[in-house]
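Written below as structure tokens is the structure these notes are about.
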Amino acid sequence: MPLDTLLSLELTEKQFDEISAMVKSLCGINLHDGKKELVKARLTKRLRKLSIGSFAEYMDFVRNDAGGAELTNMLDALSTNLTSFFRENEHFEYLANHILPRIVNRSEQTGRRLRVWSAGCSSGEEPYSIAVTINEKVPSLRSWDAKILATDISTRVLARAAEGVYNDSRVKTVPPQARAKYFDCIETRPERLYRVAGSIRSLVHFARLNLMNRWPMQGPFDVIFCRNVMIYFDKDTQGKLINRFYDLLAPGGTLFIGHSESLAGVNHKFNYTQPTIYQRP
Ligand SMILES: C[S@@+](CC[C@H](N)C(=O)[O-])C[C@H]1O[C@@H](n2cnc3c(N)ncnc32)[C@H](O)[C@@H]1O
């Protein structure tokens, strides 16, 4: 397809509205008017890859793709996956200093079981940070039934997450001691690449899950991280999601949300612990 055709691709208001409605109903993400240029830029790459010459043709392709593969690609292209190791580090400190000691203490009575869910895990930095924290704080971890479920809607980021390979700039936010202990340097040229150690990877199970759909897991979870995901959802969708998290947490379980998110205006039964940290009574 000639470059000038691609440059002149037009995304009409009607097509943008249709894409927004589709994305909203499928995955809860709110693409308000200000996002039109972003949607156009990101989907133009898909059109280019598929050699499709107009958004009208692309929308037909998505609608008629019975297996839903292109829908997945479209959602992949439109979701924002920004993340980092130990992002919003107070959450990992809270996990290390408050939650894990409590769970370890009560394990004499309740058994050595630990379940954490990283909902909207992106490329894996969040669940691996959780796994490192658990490894550091739970004595005799091998004798525990400990699992971290890490889910995302995007198959693209999940593939990267499962690989567990990160470059120098990604691992910069891992504390040096933990980096030395849990990251193996597997390549030095053309750039330094690190692989998350097997002891950490084996704690994490990755799966594709659209938070808007039915959840196959039973729980209960001791901790749920759903950070910087709901920011794209409207209040009504957020409210429903928060209450579903509540139902899946064990009594005393903790929910972490992102630092720019809040449960203000959401009807819920959680106890407020501190900003962005909530506990099921
Ligand atoms: C900005 S990233 C946040 C990653 C990580 N939780 C953090 O805070 O660093 C948001 C992630 O949510 C995922 N996401 C968005 N809508 C989703 C949905 N309906 N179901 C599951 N994951 C979704 C995106 O694919 C993306 O990887």
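In the structure tokens, each chain is lettered A, B, ... as it comes, each chain's residues begin at 1, and ligands are numbered from 1 in order of appearance.
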
Near ligand 1, 8 Å: chain A residue rows, closest pairs, only C-alpha atoms and all ligand atoms, as CSV:
```
residue,atom,partner,partner_atom_place_in_ligand_line,distance
A:Leu26,CA,ligand 1,19 (N),7.2
A:Cys27,CA,ligand 1,19 (N),3.7
A:Gly28,CA,ligand 1,19 (N),5.5
A:Ile29,CA,ligand 1,16 (N),6.0
A:Leu75,CA,ligand 1,25 (O),7.8
A:Asp76,CA,ligand 1,25 (O),6.7
A:Ser79,CA,ligand 1,25 (O),5.0
A:Thr80,CA,ligand 1,1 (C),5.2
A:Asn81,CA,ligand 1,2 (S),4.0
A:Leu82,CA,ligand 1,1 (C),4.5
A:Thr83,CA,ligand 1,9 (O),3.5
A:Ser84,CA,ligand 1,9 (O),5.6
A:Phe85,CA,ligand 1,9 (O),7.7
A:Arg87,CA,ligand 1,9 (O),6.1
A:Ser118,CA,ligand 1,6 (N),6.9
A:Ala119,CA,ligand 1,22 (N),6.7
A:Gly120,CA,ligand 1,12 (O),3.9
A:Cys121,CA,ligand 1,6 (N),4.7
A:Ser122,CA,ligand 1,27 (O),3.5
A:Ser123,CA,ligand 1,27 (O),6.9
A:Glu125,CA,ligand 1,9 (O),7.1
A:Glu126,CA,ligand 1,9 (O),5.8
A:Thr151,CA,ligand 1,21 (C),6.7
A:Asp152,CA,ligand 1,22 (N),4.0
A:Ile153,CA,ligand 1,21 (C),4.0
A:Ser154,CA,ligand 1,25 (O),4.8
A:Val157,CA,ligand 1,27 (O),6.6
A:Arg208,CA,ligand 1,21 (C),7.7
A:Leu209,CA,ligand 1,21 (C),5.6
A:Asn210,CA,ligand 1,20 (N),3.6
A:Leu211,CA,ligand 1,20 (N),3.9
A:Met212,CA,ligand 1,19 (N),5.4
A:Phe225,CA,ligand 1,6 (N),7.1
A:Cys226,CA,ligand 1,6 (N),5.9
A:Arg227,CA,ligand 1,8 (O),4.3
A:Asn228,CA,ligand 1,8 (O),4.6
A:Val229,CA,ligand 1,10 (C),4.4
A:Met230,CA,ligand 1,16 (N),7.6
A:Tyr232,CA,ligand 1,16 (N),7.5
A:Gly258,CA,ligand 1,8 (O),6.3
```

Check: Could you pull out the helix (DSSP H, G or I) residues of region 14-161 of chain A from DSSP and send them as a PyMOL selection string?
Finding: chain A and resi 14-27+33-50+55-64+69-78+90-110+125-137+141-143+155-161

Check: Out of region 98-169 of chain A, which residues get strand (DSSP E or B) from DSSP, as a PyMOL selection string?
Finding: chain A and resi 113-119+145-152+165-167

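Nearest-residue note for His205 (chain A): choosing from A:Leu158, A:Ala150, A:Met22, A:Ala77, the minimum distance belongs to A:Ala150, counting only C-alpha atoms.
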
Next item on the list: Could you jot down the CA of Gln109 (chain A) to CA of Leu255 (chain A) separation for me, Å, one decimal place?
Entry: 23.3 Å

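By only C-alpha atoms, and with residues fewer than 5 positions from region 184-198 of chain A along its chain excluded, the set lying at most 6 Å from it is A:Gly164, A:Val165, A:Tyr166, A:Asn167, A:Asp168.
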
Next item on the list: Please identify all polymer residues within 8 Å of Val223 (chain A), counting only C-alpha atoms, omitting same-chain residues fewer than 3 positions from it, and present them as a PyMOL selection string.
Entry: chain A and resi 115-117+249+253-256

Please save N, CA, C and O atoms of the selected residues as a PDB file, in the first residue's frame.
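As written to disk, part01.pdb reads:
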```
ATOM      1  N   ARG A 115      -2.284 -17.133  48.249  1.00  0.00           N
ATOM      2  CA  ARG A 115      -2.769 -16.873  46.893  1.00  0.00           C
ATOM      3  C   ARG A 115      -2.790 -15.367  46.639  1.00  0.00           C
ATOM      4  O   ARG A 115      -3.410 -14.602  47.392  1.00  0.00           O
ATOM      5  N   VAL A 116      -2.118 -14.975  45.556  1.00  0.00           N
ATOM      6  CA  VAL A 116      -2.111 -13.563  45.165  1.00  0.00           C
ATOM      7  C   VAL A 116      -2.544 -13.481  43.706  1.00  0.00           C
ATOM      8  O   VAL A 116      -2.180 -14.349  42.904  1.00  0.00           O
ATOM      9  N   TRP A 117      -3.303 -12.440  43.369  1.00  0.00           N
ATOM     10  CA  TRP A 117      -3.724 -12.235  41.979  1.00  0.00           C
ATOM     11  C   TRP A 117      -3.240 -10.872  41.521  1.00  0.00           C
ATOM     12  O   TRP A 117      -3.541  -9.863  42.165  1.00  0.00           O
ATOM     13  N   LEU A 249     -11.890 -12.246  47.619  1.00  0.00           N
ATOM     14  CA  LEU A 249     -10.856 -12.135  48.656  1.00  0.00           C
ATOM     15  C   LEU A 249     -11.278 -12.911  49.904  1.00  0.00           C
ATOM     16  O   LEU A 249     -12.461 -12.962  50.240  1.00  0.00           O
ATOM     17  N   GLY A 253      -8.400 -10.184  53.622  1.00  0.00           N
ATOM     18  CA  GLY A 253      -7.593 -10.031  52.398  1.00  0.00           C
ATOM     19  C   GLY A 253      -7.482  -8.575  51.964  1.00  0.00           C
ATOM     20  O   GLY A 253      -8.303  -7.737  52.326  1.00  0.00           O
ATOM     21  N   THR A 254      -6.450  -8.306  51.169  1.00  0.00           N
ATOM     22  CA  THR A 254      -6.133  -6.911  50.815  1.00  0.00           C
ATOM     23  C   THR A 254      -6.242  -6.663  49.317  1.00  0.00           C
ATOM     24  O   THR A 254      -5.826  -7.495  48.512  1.00  0.00           O
ATOM     25  N   LEU A 255      -6.788  -5.490  48.978  1.00  0.00           N
ATOM     26  CA  LEU A 255      -6.837  -5.040  47.580  1.00  0.00           C
ATOM     27  C   LEU A 255      -5.948  -3.816  47.422  1.00  0.00           C
ATOM     28  O   LEU A 255      -6.064  -2.850  48.177  1.00  0.00           O
ATOM     29  N   PHE A 256      -5.035  -3.876  46.443  1.00  0.00           N
ATOM     30  CA  PHE A 256      -4.224  -2.708  46.091  1.00  0.00           C
ATOM     31  C   PHE A 256      -4.734  -2.134  44.779  1.00  0.00           C
ATOM     32  O   PHE A 256      -4.905  -2.885  43.805  1.00  0.00           O
TER      33      PHE A 256
END
```

Notebook entry, point to check: Suppose you want the space between CA of Pro101 (chain A) and CA of Lys137 (chain A); what is it in Å?
Noted result: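 Value for the CA of Pro101 (chain A)-CA of Lys137 (chain A) distance: 7.6 Å.
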
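With CA of Ala250 (chain A) on one side and CA of Pro220 (chain A) on the other, the separation reads 5.0 Å.
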
Item checked: Among listed residues A:Leu141, A:Val39, A:Leu263, A:Ile52, nearest Arg113 (chain A) (using only C-alpha atoms) ->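 Distance minimum relative to Arg113 (chain A) lands on A:Leu141.
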
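Each of A:Phe16, A:Phe270, A:Phe55, A:Phe206 was compared to Leu38 (chain A) using only C-alpha atoms, and A:Phe16 turns out to be the nearest.
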